[in-house]
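Student: Once you've had a glance at the structure underneath, I'll fire off some questions.
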Amino acid sequence: MNPYDFVTLDTKHPPERRKPVWHNVLAPNDEHPDKLYSGHLYLYIMAEMPIFIRHADSSTQNPDQPGEHIYNKDGDYILPGTSIKGMLRTVVETLCRGCLTIIHRDSPLPGGFAPCDNNTSLCISCRLFGMMQRQKQADVFLGKVNIGDAVAFDRNPEYHEPIYTAVLDAPKPRHRAFYLDQQDRFIAGRKFYFHNEKLLTEKRLIPIADRGTYRNQYIQPLATGTDFSARIDFTNLEADEFAAFLFAILLQEDMRHKIGYGKPIGLGSVQLDVTNLQLVDYANRYKEFRTGRGISYYKGDPLYELLDNQMTSIDPGVKAAWDCFKSLPALGQLQRIWQWPPDTSVEYAYPSQRWFKEHSQARIIDTRALYRGD
C-alpha cells in the first residue's frame with residue numbers, strides 16, 4: 001500500500017480566527033477576562049522505531065561512511081526543537097481547526113483554509129506557534145510556545161545498523177487522483193505517513209546515471225528505545241489553545257507521532273509524554289508572599305491524573321475544548337494512519353511508475369493490495 005494517506009479538510013469546521021492574546025498581557029483583563037496559562041513542561045520522547053535526522057556536516061551519499069544523526073555542540077544527540085515544533089503544529093492544524101501553512105503554490109483550497117495573513121485574526125495553530133507573512137513590511141505574530149531541543153538521555157546511545165534506504169520517489173501533486181478530493185475540486189487533505197514495523201531498505205546505493213550521485217541514502221539511525229527530553233515554555237495560552245497544545249502531544253493511547261527523515265520507509269515513529277508541568281499564575285505571582293507565589297508544580301501521579309481528566313480540576317473550559325477537538329472527524333482519520341501498533345498485514349511501498357501509467361485515475365485506497373515492485 002502507498003505509505004501515506006490524507007486527513008481530509010473538514011469544510012464543516014473551517015479555521016476559527018480571532019485576535020490573539022499578546023505576550024505582554026500578564027493577567028486577564030477587560031479584553032481577555034478568562035484564565036490564561038503560562039509555564040513550562042518537560043516532554044519525554046521515546047523512539048518506537050529507529051530515528052534519523054541528518055547532521056549538517058554529515059553526508060548520506062558516501063558509500064564508505066553512513067550519515068550521522070544530528071548532535072549539538074556538546075556532542076549530545078538531539079531532536080531539534082524546530083522539528084518538534086513542526087510536528088506538533090501539523091497535528092494542531094489537523095485536529096484543532098487550523099489553517100494550512102504548508103501547501104503547494106497551485107493547490108486548490110476550500111474557503112477559509114488559506115494561511116493566516118493578519119496578526120489580529122489568527123487560527124488556533126498560528127496563535128500557538130506564530131505567523132509571518134511572506135512579504136516586506138509583513139504582519140508577524142511571535143508564537144506563544146517555545147520548544148527547546150530534545151536531548152538524548154544517554155550520551156552514547158545504541159545505534160541501529162547502517163541501512164541503505166529505499167528510493168523515496170513519491171507521487172507528485174501532478175498525480176491528481178492522489179492529491180485531489182473525489183470531486184477533483186480541492187486538495188485531498190493533509191499528508192501523514194503510516195507506521196511500519198518493517199523498514200524499507202536496499203542492499204546498496206543506487207547510482208543516478210552520469211551524475212555521480214545516488215537515488216537513495218546511506219545512514220545510521222539511532223536505535224529503537226532511544227529516549228529524549230525537551231523543555232517547552234508557553235505564555236498566555238487561552239483555554240482552547242492550552243487544550244489543543246496538550247491534545248497534540250498526548251493524542252490517544254493507540255497512536256504514535258512521526259518525526260525526522262525517512263517516514264515513508266518506517267523511520268521516526270515516536271511516543272510522547274509529559275513528565276513535569278509547571279503553571280505560573282501571574283495574577284497572583286506578586287501578591288503572595290512566602291507561599292506558592294502563584295506557581296503550581298505537577299509530576300508523577302498528580303500530573304497523570306490531571307492530564308487523564310483533561311485539566312477538569314483546574315479549568316472545565318480546557319476539558320470542554322479538548323472534548324470538542326476529540327469529537328471532530330479528523331481524529332478518527334489520523335488515528336487510522338497513526339495507529340500503534342501498526343497493521344502488520346499491510347506492506348507499504350510507493351507504486352511503480354509503470355503502475356501509475358496503467359492506473360492514472362486510481363485513488364490511494366486502490367494501492368492496498370500492492371507489493372514492492374508493482
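In the C-alpha cells, chains take letters A, B, ... by order of appearance, with residues numbered from 1 within each chain and ligands from 1 in the order shown.
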Segment 206-357 of chain A: which residues are helix (DSSP H, G or I) by DSSP, as an MDAnalysis selection string?
Tutor: chainID A and resid 239:250 263:265 282:285 300:308 316:327 329:337 353:357
Student: Per residue of segment 55-134 of chain A within 12 Å of segment 330-341 of chain A, record the nearest atom pair and its distance in Å to one decimal, counting only C-alpha atoms, with rows in chain order and ascending residue number, as a Markdown table.
Tutor:
| residue | atom | partner | partner_atom | distance |
| --- | --- | --- | --- | --- |
| A:Thr90 | CA | A:Leu334 | CA | 11.5 |
| A:Val91 | CA | A:Leu334 | CA | 9.1 |
| A:Val92 | CA | A:Ala330 | CA | 10.7 |
| A:Glu93 | CA | A:Ala330 | CA | 10.2 |
| A:Thr94 | CA | A:Ala330 | CA | 6.7 |
| A:Leu95 | CA | A:Ala330 | CA | 5.6 |
| A:Cys96 | CA | A:Ala330 | CA | 8.6 |
| A:Arg97 | CA | A:Ala330 | CA | 9.2 |
| A:Gly98 | CA | A:Ala330 | CA | 11.6 |
Student: Using C-alpha atoms, can you export the residues from the last selection as a short mmCIF file (atom, residue, chain, number, x, y, z; two decimals), in the first residue's frame?
Tutor:
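result24.cif written:
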data_model
loop_
_atom_site.label_atom_id
_atom_site.label_comp_id
_atom_site.auth_asym_id
_atom_site.auth_seq_id
_atom_site.Cartn_x
_atom_site.Cartn_y
_atom_site.Cartn_z
CA THR A 90 0.85 20.00 11.91
CA VAL A 91 -1.17 18.00 14.46
CA VAL A 92 -2.84 21.14 15.84
CA GLU A 93 -3.65 22.34 12.33
CA THR A 94 -5.16 18.96 11.51
CA LEU A 95 -7.12 18.13 14.66
CA CYS A 96 -8.00 21.57 16.02
CA ARG A 97 -9.26 23.57 13.02
CA GLY A 98 -6.04 25.26 11.93
#
Student: Give me the residues within 12 Å of Ser59 of chain A as a list in words, counting only C-alpha atoms and dropping any in the same chain fewer than 2 places off.
Tutor: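 These residues fall inside the cut-off: Ile53, Arg54, His55, Ala56, Asp57, Gln61, Asn62, Pro63, Asp64, Gln65, Pro66, Gly67, Glu68, His69, Ile70, Thr213, Tyr214, Asn216, Gln217, Tyr218, Ile219 and Gln220 of chain A.
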Student: Write a file of the just-selected residues containing C-alpha atoms, as a PDB file, in the first residue's frame.
Tutor:
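Contents of the output file result_37.pdb:
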ATOM      1  CA  ILE A  53      17.802  13.464  11.368  1.00  0.00           C
ATOM      2  CA  ARG A  54      20.993  14.190   9.448  1.00  0.00           C
ATOM      3  CA  HIS A  55      23.800  16.247  10.960  1.00  0.00           C
ATOM      4  CA  ALA A  56      24.592  19.174   8.657  1.00  0.00           C
ATOM      5  CA  ASP A  57      28.254  18.136   8.296  1.00  0.00           C
ATOM      6  CA  GLN A  61      25.756   9.621  -0.057  1.00  0.00           C
ATOM      7  CA  ASN A  62      29.189   8.346   0.931  1.00  0.00           C
ATOM      8  CA  PRO A  63      29.432   4.597   0.197  1.00  0.00           C
ATOM      9  CA  ASP A  64      32.210   4.254   2.795  1.00  0.00           C
ATOM     10  CA  GLN A  65      30.606   6.074   5.730  1.00  0.00           C
ATOM     11  CA  PRO A  66      26.923   6.248   6.745  1.00  0.00           C
ATOM     12  CA  GLY A  67      25.353   9.596   7.515  1.00  0.00           C
ATOM     13  CA  GLU A  68      25.270  10.572  11.198  1.00  0.00           C
ATOM     14  CA  HIS A  69      22.319  11.661  13.304  1.00  0.00           C
ATOM     15  CA  ILE A  70      22.371  15.294  14.405  1.00  0.00           C
ATOM     16  CA  THR A 213      25.033  10.892  -7.021  1.00  0.00           C
ATOM     17  CA  TYR A 214      22.613   8.274  -5.785  1.00  0.00           C
ATOM     18  CA  ASN A 216      18.852   6.684  -2.059  1.00  0.00           C
ATOM     19  CA  GLN A 217      20.776   7.366   1.165  1.00  0.00           C
ATOM     20  CA  TYR A 218      23.259   5.508   3.378  1.00  0.00           C
ATOM     21  CA  ILE A 219      22.567   6.287   7.043  1.00  0.00           C
ATOM     22  CA  GLN A 220      22.984   5.014  10.587  1.00  0.00           C
TER      23      GLN A 220
END
Student: Can you list, as a PyMOL selection string, every residue of segment 211-290 of chain A that DSSP puts in strand (DSSP E or B)?
Tutor: chain A and resi 214+218-219+222+227-237+255+257-258+269-280
Student: Which polymer residues have any atom within 12 Å of an atom of Asn276 of chain A, counting only C-alpha atoms, with same-chain residues fewer than 2 positions away left out, as JSON, numbers by chain?
Tutor: {"A": [39, 40, 41, 42, 43, 44, 229, 230, 231, 232, 233, 273, 274, 278, 279, 296, 297, 298, 299, 300, 301, 302, 303, 304, 306, 307]}
Student: Can those selected residues be exported to a file as an mmCIF file, in the first residue's frame so that it contains N, CA, C and O atoms?
Tutor:
data_model
loop_
_atom_site.group_PDB
_atom_site.id
_atom_site.type_symbol
_atom_site.label_atom_id
_atom_site.label_comp_id
_atom_site.auth_asym_id
_atom_site.auth_seq_id
_atom_site.Cartn_x
_atom_site.Cartn_y
_atom_site.Cartn_z
ATOM 1 N N GLY A 39 3.766 28.921 31.669
ATOM 2 C CA GLY A 39 4.607 28.000 32.428
ATOM 3 C C GLY A 39 5.499 27.203 31.504
ATOM 4 O O GLY A 39 5.892 27.666 30.428
ATOM 5 N N HIS A 40 5.822 26.004 31.927
ATOM 6 C CA HIS A 40 6.618 25.123 31.068
ATOM 7 C C HIS A 40 6.309 23.669 31.397
ATOM 8 O O HIS A 40 5.742 23.356 32.461
ATOM 9 N N LEU A 41 6.678 22.796 30.489
ATOM 10 C CA LEU A 41 6.577 21.363 30.728
ATOM 11 C C LEU A 41 7.807 20.679 30.167
ATOM 12 O O LEU A 41 8.552 21.253 29.358
ATOM 13 N N TYR A 42 8.024 19.460 30.622
ATOM 14 C CA TYR A 42 9.083 18.631 30.052
ATOM 15 C C TYR A 42 8.451 17.512 29.238
ATOM 16 O O TYR A 42 7.565 16.795 29.719
ATOM 17 N N LEU A 43 8.904 17.419 28.003
ATOM 18 C CA LEU A 43 8.369 16.460 27.054
ATOM 19 C C LEU A 43 9.322 15.275 26.951
ATOM 20 O O LEU A 43 10.520 15.443 26.700
ATOM 21 N N TYR A 44 8.782 14.077 27.168
ATOM 22 C CA TYR A 44 9.553 12.840 27.024
ATOM 23 C C TYR A 44 9.250 12.244 25.654
ATOM 24 O O TYR A 44 8.085 12.139 25.255
ATOM 25 N N SER A 229 14.568 14.192 26.135
ATOM 26 C CA SER A 229 13.752 15.108 26.933
ATOM 27 C C SER A 229 13.921 16.520 26.391
ATOM 28 O O SER A 229 15.033 16.938 26.055
ATOM 29 N N ALA A 230 12.788 17.249 26.312
ATOM 30 C CA ALA A 230 12.808 18.634 25.839
ATOM 31 C C ALA A 230 11.975 19.490 26.775
ATOM 32 O O ALA A 230 10.953 19.049 27.303
ATOM 33 N N ARG A 231 12.400 20.727 26.958
ATOM 34 C CA ARG A 231 11.610 21.687 27.713
ATOM 35 C C ARG A 231 10.809 22.542 26.740
ATOM 36 O O ARG A 231 11.342 23.030 25.737
ATOM 37 N N ILE A 232 9.534 22.729 27.050
ATOM 38 C CA ILE A 232 8.654 23.575 26.259
ATOM 39 C C ILE A 232 8.075 24.658 27.163
ATOM 40 O O ILE A 232 7.438 24.353 28.169
ATOM 41 N N ASP A 233 8.320 25.917 26.811
ATOM 42 C CA ASP A 233 7.759 27.050 27.550
ATOM 43 C C ASP A 233 6.555 27.597 26.795
ATOM 44 O O ASP A 233 6.556 27.639 25.558
ATOM 45 N N ASP A 273 5.198 11.942 25.850
ATOM 46 C CA ASP A 273 4.528 12.019 27.145
ATOM 47 C C ASP A 273 4.996 13.283 27.852
ATOM 48 O O ASP A 273 6.051 13.842 27.522
ATOM 49 N N VAL A 274 4.211 13.743 28.809
ATOM 50 C CA VAL A 274 4.567 14.901 29.632
ATOM 51 C C VAL A 274 4.991 14.383 30.991
ATOM 52 O O VAL A 274 4.245 13.654 31.649
ATOM 53 N N GLN A 278 4.717 22.854 35.042
ATOM 54 C CA GLN A 278 4.685 23.997 35.958
ATOM 55 C C GLN A 278 3.785 25.066 35.373
ATOM 56 O O GLN A 278 3.957 25.468 34.219
ATOM 57 N N LEU A 279 2.821 25.517 36.150
ATOM 58 C CA LEU A 279 1.932 26.597 35.744
ATOM 59 C C LEU A 279 2.210 27.818 36.602
ATOM 60 O O LEU A 279 2.378 27.706 37.821
ATOM 61 N N SER A 296 2.424 26.498 40.451
ATOM 62 C CA SER A 296 1.948 25.149 40.764
ATOM 63 C C SER A 296 2.788 24.133 39.999
ATOM 64 O O SER A 296 3.027 24.295 38.800
ATOM 65 N N TYR A 297 3.248 23.088 40.718
ATOM 66 C CA TYR A 297 4.060 22.044 40.102
ATOM 67 C C TYR A 297 3.269 20.738 40.075
ATOM 68 O O TYR A 297 2.584 20.404 41.045
ATOM 69 N N TYR A 298 3.418 20.007 38.975
ATOM 70 C CA TYR A 298 2.755 18.709 38.858
ATOM 71 C C TYR A 298 3.742 17.704 38.266
ATOM 72 O O TYR A 298 4.400 17.973 37.272
ATOM 73 N N LYS A 299 3.816 16.541 38.886
ATOM 74 C CA LYS A 299 4.595 15.435 38.340
ATOM 75 C C LYS A 299 4.076 14.141 38.950
ATOM 76 O O LYS A 299 3.312 14.162 39.925
ATOM 77 N N GLY A 300 4.462 13.019 38.386
ATOM 78 C CA GLY A 300 4.029 11.738 38.914
ATOM 79 C C GLY A 300 2.520 11.563 38.836
ATOM 80 O O GLY A 300 1.853 12.051 37.929
ATOM 81 N N ASP A 301 1.954 10.877 39.830
ATOM 82 C CA ASP A 301 0.522 10.556 39.825
ATOM 83 C C ASP A 301 -0.369 11.788 39.757
ATOM 84 O O ASP A 301 -1.370 11.779 39.020
ATOM 85 N N PRO A 302 -0.089 12.877 40.504
ATOM 86 C CA PRO A 302 -0.953 14.065 40.372
ATOM 87 C C PRO A 302 -0.981 14.624 38.944
ATOM 88 O O PRO A 302 -2.024 15.071 38.471
ATOM 89 N N LEU A 303 0.152 14.564 38.245
ATOM 90 C CA LEU A 303 0.188 15.040 36.864
ATOM 91 C C LEU A 303 -0.623 14.120 35.954
ATOM 92 O O LEU A 303 -1.421 14.591 35.135
ATOM 93 N N TYR A 304 -0.427 12.803 36.107
ATOM 94 C CA TYR A 304 -1.149 11.869 35.245
ATOM 95 C C TYR A 304 -2.655 11.974 35.459
ATOM 96 O O TYR A 304 -3.437 11.902 34.510
ATOM 97 N N LEU A 306 -4.249 14.656 36.440
ATOM 98 C CA LEU A 306 -4.667 15.933 35.866
ATOM 99 C C LEU A 306 -4.849 15.810 34.353
ATOM 100 O O LEU A 306 -5.849 16.271 33.793
ATOM 101 N N LEU A 307 -3.889 15.171 33.680
ATOM 102 C CA LEU A 307 -3.955 15.037 32.228
ATOM 103 C C LEU A 307 -5.022 14.028 31.806
ATOM 104 O O LEU A 307 -5.712 14.228 30.801
#
Student: Quick check, in Å to one decimal: how far apart do atom CA of Gly111 of chain A and atom CA of Phe129 of chain A lie?
Tutor: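 Between atom CA of Gly111 of chain A and atom CA of Phe129 of chain A the gap is 22.2 Å.
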Student: Give me, as a PDB file with N, CA and C atoms, in the first residue's frame, all polymer residues having an atom no more than 12 Å from Tyr71 of chain A, counting only C-alpha atoms and skipping those fewer than 3 positions away in the same chain.
Tutor:
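The file below, selection-v1.pdb, is the result:
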ATOM      1  N   PHE A  52      16.140   9.129  12.640  1.00  0.00           N
ATOM      2  CA  PHE A  52      17.287   9.755  11.996  1.00  0.00           C
ATOM      3  C   PHE A  52      16.946  11.159  11.526  1.00  0.00           C
ATOM      4  N   ILE A  53      17.796  12.111  11.926  1.00  0.00           N
ATOM      5  CA  ILE A  53      17.802  13.464  11.368  1.00  0.00           C
ATOM      6  C   ILE A  53      19.268  13.777  11.083  1.00  0.00           C
ATOM      7  N   ARG A  54      19.584  14.079   9.871  1.00  0.00           N
ATOM      8  CA  ARG A  54      20.993  14.190   9.448  1.00  0.00           C
ATOM      9  C   ARG A  54      21.691  15.387  10.081  1.00  0.00           C
ATOM     10  N   HIS A  55      22.932  15.155  10.538  1.00  0.00           N
ATOM     11  CA  HIS A  55      23.800  16.247  10.960  1.00  0.00           C
ATOM     12  C   HIS A  55      24.258  17.014   9.718  1.00  0.00           C
ATOM     13  N   ALA A  56      24.307  18.334   9.818  1.00  0.00           N
ATOM     14  CA  ALA A  56      24.592  19.174   8.657  1.00  0.00           C
ATOM     15  C   ALA A  56      25.951  18.876   8.029  1.00  0.00           C
ATOM     16  N   ASP A  57      26.918  18.402   8.824  1.00  0.00           N
ATOM     17  CA  ASP A  57      28.254  18.136   8.296  1.00  0.00           C
ATOM     18  C   ASP A  57      28.435  16.695   7.832  1.00  0.00           C
ATOM     19  N   SER A  58      27.369  15.937   7.831  1.00  0.00           N
ATOM     20  CA  SER A  58      27.461  14.517   7.507  1.00  0.00           C
ATOM     21  C   SER A  58      26.810  14.239   6.160  1.00  0.00           C
ATOM     22  N   GLU A  68      25.451  10.549   9.749  1.00  0.00           N
ATOM     23  CA  GLU A  68      25.270  10.572  11.198  1.00  0.00           C
ATOM     24  C   GLU A  68      24.027  11.358  11.601  1.00  0.00           C
ATOM     25  N   ASP A  74      27.789  20.051  22.330  1.00  0.00           N
ATOM     26  CA  ASP A  74      28.323  19.258  23.434  1.00  0.00           C
ATOM     27  C   ASP A  74      28.458  17.785  23.088  1.00  0.00           C
ATOM     28  N   GLY A  75      28.084  17.431  21.877  1.00  0.00           N
ATOM     29  CA  GLY A  75      28.180  16.042  21.449  1.00  0.00           C
ATOM     30  C   GLY A  75      26.977  15.190  21.800  1.00  0.00           C
ATOM     31  N   ASP A  76      25.905  15.800  22.317  1.00  0.00           N
ATOM     32  CA  ASP A  76      24.697  15.059  22.666  1.00  0.00           C
ATOM     33  C   ASP A  76      23.801  14.934  21.437  1.00  0.00           C
ATOM     34  N   TYR A  77      23.279  13.753  21.228  1.00  0.00           N
ATOM     35  CA  TYR A  77      22.315  13.576  20.142  1.00  0.00           C
ATOM     36  C   TYR A  77      21.017  14.286  20.500  1.00  0.00           C
ATOM     37  N   ILE A  78      20.393  14.893  19.501  1.00  0.00           N
ATOM     38  CA  ILE A  78      19.213  15.716  19.750  1.00  0.00           C
ATOM     39  C   ILE A  78      18.138  15.467  18.697  1.00  0.00           C
ATOM     40  N   LEU A  79      16.939  15.887  19.042  1.00  0.00           N
ATOM     41  CA  LEU A  79      15.877  16.142  18.073  1.00  0.00           C
ATOM     42  C   LEU A  79      15.669  17.643  18.102  1.00  0.00           C
ATOM     43  N   PRO A  80      15.934  18.356  17.022  1.00  0.00           N
ATOM     44  CA  PRO A  80      15.855  19.819  17.055  1.00  0.00           C
ATOM     45  C   PRO A  80      14.461  20.305  17.466  1.00  0.00           C
ATOM     46  N   ASP A 149      15.505  22.068  22.059  1.00  0.00           N
ATOM     47  CA  ASP A 149      15.949  20.798  21.503  1.00  0.00           C
ATOM     48  C   ASP A 149      15.705  19.670  22.506  1.00  0.00           C
ATOM     49  N   ALA A 150      15.304  18.511  22.016  1.00  0.00           N
ATOM     50  CA  ALA A 150      15.183  17.319  22.856  1.00  0.00           C
ATOM     51  C   ALA A 150      16.544  16.624  22.876  1.00  0.00           C
ATOM     52  N   VAL A 151      17.113  16.456  24.058  1.00  0.00           N
ATOM     53  CA  VAL A 151      18.453  15.889  24.210  1.00  0.00           C
ATOM     54  C   VAL A 151      18.336  14.441  24.666  1.00  0.00           C
ATOM     55  N   ALA A 152      19.117  13.565  24.034  1.00  0.00           N
ATOM     56  CA  ALA A 152      19.092  12.149  24.411  1.00  0.00           C
ATOM     57  C   ALA A 152      19.594  11.968  25.834  1.00  0.00           C
ATOM     58  N   ARG A 155      24.417   9.677  26.527  1.00  0.00           N
ATOM     59  CA  ARG A 155      25.385  10.327  25.637  1.00  0.00           C
ATOM     60  C   ARG A 155      25.958   9.346  24.623  1.00  0.00           C
ATOM     61  N   ASN A 156      25.846   8.050  24.911  1.00  0.00           N
ATOM     62  CA  ASN A 156      26.325   7.024  23.977  1.00  0.00           C
ATOM     63  C   ASN A 156      25.198   6.020  23.724  1.00  0.00           C
ATOM     64  N   PRO A 157      24.157   6.445  23.029  1.00  0.00           N
ATOM     65  CA  PRO A 157      23.014   5.556  22.818  1.00  0.00           C
ATOM     66  C   PRO A 157      23.339   4.441  21.837  1.00  0.00           C
ATOM     67  N   LEU A 222      19.628   6.202  14.992  1.00  0.00           N
ATOM     68  CA  LEU A 222      19.630   5.802  16.391  1.00  0.00           C
ATOM     69  C   LEU A 222      18.622   4.673  16.580  1.00  0.00           C
TER      70      LEU A 222
END
Student: Which is closer to Glu241 of chain A than all the others in A:Trp22, A:Tyr37, A:Tyr193, A:Tyr159, using only C-alpha atoms?
Tutor: A:Tyr37
Student: Would you mind telling me which residue in A:Gly212, A:Ser352, A:Asn236, A:Lys326 lies nearest to Asp34 of chain A when using only C-alpha atoms?
Tutor: A:Asn236
Student: Which polymer residues have any atom within 9 Å of an atom of Leu272 of chain A, counting only C-alpha atoms, with same-chain residues fewer than 3 positions away left out, as a list of chain:residue names?
Tutor: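 Contacts, with the query itself left out: A:Leu43, A:Tyr44, A:Ile45, A:Met46, A:Ile249, A:Leu250, A:Leu251, A:Arg256, A:His257.
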Student: Write a file of the selected residues as a PDB file, in the first residue's frame, keeping N, CA and C atoms.
Tutor:
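Once everything was written out, this is part_32.pdb:
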ATOM      1  N   LEU A  43       8.904  17.419  28.003  1.00  0.00           N
ATOM      2  CA  LEU A  43       8.369  16.460  27.054  1.00  0.00           C
ATOM      3  C   LEU A  43       9.322  15.275  26.951  1.00  0.00           C
ATOM      4  N   TYR A  44       8.782  14.077  27.168  1.00  0.00           N
ATOM      5  CA  TYR A  44       9.553  12.840  27.024  1.00  0.00           C
ATOM      6  C   TYR A  44       9.250  12.244  25.654  1.00  0.00           C
ATOM      7  N   ILE A  45      10.290  11.874  24.922  1.00  0.00           N
ATOM      8  CA  ILE A  45      10.147  11.301  23.588  1.00  0.00           C
ATOM      9  C   ILE A  45      10.933   9.997  23.537  1.00  0.00           C
ATOM     10  N   MET A  46      10.261   8.917  23.154  1.00  0.00           N
ATOM     11  CA  MET A  46      10.938   7.625  23.003  1.00  0.00           C
ATOM     12  C   MET A  46      10.740   7.106  21.590  1.00  0.00           C
ATOM     13  N   ILE A 249       0.080  16.736  21.868  1.00  0.00           N
ATOM     14  CA  ILE A 249       1.160  15.928  22.451  1.00  0.00           C
ATOM     15  C   ILE A 249       0.670  14.530  22.805  1.00  0.00           C
ATOM     16  N   LEU A 250      -0.467  14.440  23.481  1.00  0.00           N
ATOM     17  CA  LEU A 250      -0.899  13.182  24.082  1.00  0.00           C
ATOM     18  C   LEU A 250      -1.718  12.299  23.144  1.00  0.00           C
ATOM     19  N   LEU A 251      -2.446  12.893  22.212  1.00  0.00           N
ATOM     20  CA  LEU A 251      -3.277  12.146  21.260  1.00  0.00           C
ATOM     21  C   LEU A 251      -4.114  11.086  21.983  1.00  0.00           C
ATOM     22  N   ARG A 256       0.793   7.019  17.714  1.00  0.00           N
ATOM     23  CA  ARG A 256       2.160   7.493  17.873  1.00  0.00           C
ATOM     24  C   ARG A 256       2.421   8.584  16.827  1.00  0.00           C
ATOM     25  N   HIS A 257       3.361   9.490  17.144  1.00  0.00           N
ATOM     26  CA  HIS A 257       3.745  10.542  16.221  1.00  0.00           C
ATOM     27  C   HIS A 257       4.818  10.030  15.251  1.00  0.00           C
TER      28      HIS A 257
END
Student: Taking 2 positions as the minimum chain separation for residues in the same chain, which residues sit within 10 Å of Arg89 of chain A when counting only C-alpha atoms? Answer as a CSV table (one decimal) with N, CA, C and O atoms, in the first residue's frame.
Tutor:
chain,number,residue,atom,x,y,z
A,83,SER,N,12.1,20.8,14.7
A,83,SER,CA,11.4,19.6,14.1
A,83,SER,C,10.2,19.2,15.0
A,83,SER,O,9.2,18.8,14.5
A,84,ILE,N,10.4,19.3,16.3
A,84,ILE,CA,9.3,19.0,17.2
A,84,ILE,C,8.2,20.0,17.0
A,84,ILE,O,7.0,19.7,17.0
A,85,LYS,N,8.5,21.3,16.9
A,85,LYS,CA,7.5,22.3,16.6
A,85,LYS,C,6.7,22.0,15.4
A,85,LYS,O,5.5,22.1,15.3
A,86,GLY,N,7.4,21.7,14.3
A,86,GLY,CA,6.7,21.4,13.0
A,86,GLY,C,5.8,20.2,13.2
A,86,GLY,O,4.7,20.3,12.6
A,87,MET,N,6.2,19.2,13.9
A,87,MET,CA,5.4,18.0,14.1
A,87,MET,C,4.1,18.4,14.9
A,87,MET,O,3.0,18.0,14.4
A,91,VAL,N,-0.1,18.7,13.8
A,91,VAL,CA,-1.2,18.0,14.5
A,91,VAL,C,-2.2,19.0,14.9
A,91,VAL,O,-3.4,18.7,14.7
A,92,VAL,N,-1.8,20.1,15.4
A,92,VAL,CA,-2.8,21.1,15.8
A,92,VAL,C,-3.6,21.6,14.6
A,92,VAL,O,-4.9,21.7,14.7
A,93,GLU,N,-3.0,21.9,13.5
A,93,GLU,CA,-3.7,22.3,12.3
A,93,GLU,C,-4.7,21.3,11.9
A,93,GLU,O,-5.8,21.6,11.5
A,94,THR,N,-4.3,20.0,12.0
A,94,THR,CA,-5.2,19.0,11.5
A,94,THR,C,-6.3,18.7,12.4
A,94,THR,O,-7.5,18.5,12.0
A,98,GLY,N,-7.0,24.3,12.3
A,98,GLY,CA,-6.0,25.3,11.9
A,98,GLY,C,-6.0,25.5,10.4
A,98,GLY,O,-6.7,24.8,9.6
A,101,THR,N,-0.6,25.9,6.4
A,101,THR,CA,0.6,26.7,6.3
A,101,THR,C,1.6,26.1,5.3
A,101,THR,O,2.4,26.8,4.8
A,124,ILE,N,-6.1,28.9,15.4
A,124,ILE,CA,-5.5,28.4,16.7
A,124,ILE,C,-4.0,28.0,16.6
A,124,ILE,O,-3.2,28.2,17.5
A,125,SER,N,-3.7,27.4,15.4
A,125,SER,CA,-2.3,27.0,15.3
A,125,SER,C,-1.3,28.2,15.1
A,125,SER,O,-0.2,28.2,15.6
A,126,CYS,N,-1.8,29.3,14.4
A,126,CYS,CA,-1.0,30.5,14.3
A,126,CYS,C,-0.9,31.2,15.6
A,126,CYS,O,0.1,31.9,15.9
A,128,LEU,N,-0.8,29.7,18.5
A,128,LEU,CA,0.1,29.0,19.3
A,128,LEU,C,1.6,29.1,18.8
A,128,LEU,O,2.5,29.3,19.6
A,129,PHE,N,1.8,28.9,17.5
A,129,PHE,CA,3.1,28.7,17.0
A,129,PHE,C,3.6,29.9,16.2
A,129,PHE,O,4.8,29.8,15.8
A,130,GLY,N,2.8,30.9,15.9
A,130,GLY,CA,3.3,32.0,15.3
A,130,GLY,C,2.8,32.1,13.8
A,130,GLY,O,2.4,31.2,13.2
A,244,ALA,N,-5.6,22.4,23.0
A,244,ALA,CA,-5.0,21.9,21.7
A,244,ALA,C,-3.6,21.5,21.8
A,244,ALA,O,-3.1,20.5,21.2
A,245,PHE,N,-2.8,22.3,22.5
A,245,PHE,CA,-1.4,22.1,22.8
A,245,PHE,C,-1.2,20.7,23.4
A,245,PHE,O,-0.4,19.9,23.0
A,248,ALA,N,-2.4,17.7,21.2
A,248,ALA,CA,-1.4,17.4,20.1
A,248,ALA,C,-0.3,16.6,20.6
A,248,ALA,O,0.3,15.8,19.8
Student: Please indicate the distance in Å from atom CA of Leu180 of chain A to atom CA of Val7 of chain A, rounded to one decimal place.
Tutor: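 These atoms are spaced 11.9 Å apart.
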Student: Could you work out how far atom CA of Pro115 of chain A lies from atom CA of Val140 of chain A, giving the answer in Å with one decimal?
Tutor: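 Between atom CA of Val140 of chain A and atom CA of Pro115 of chain A the gap works out to 12.8 Å.
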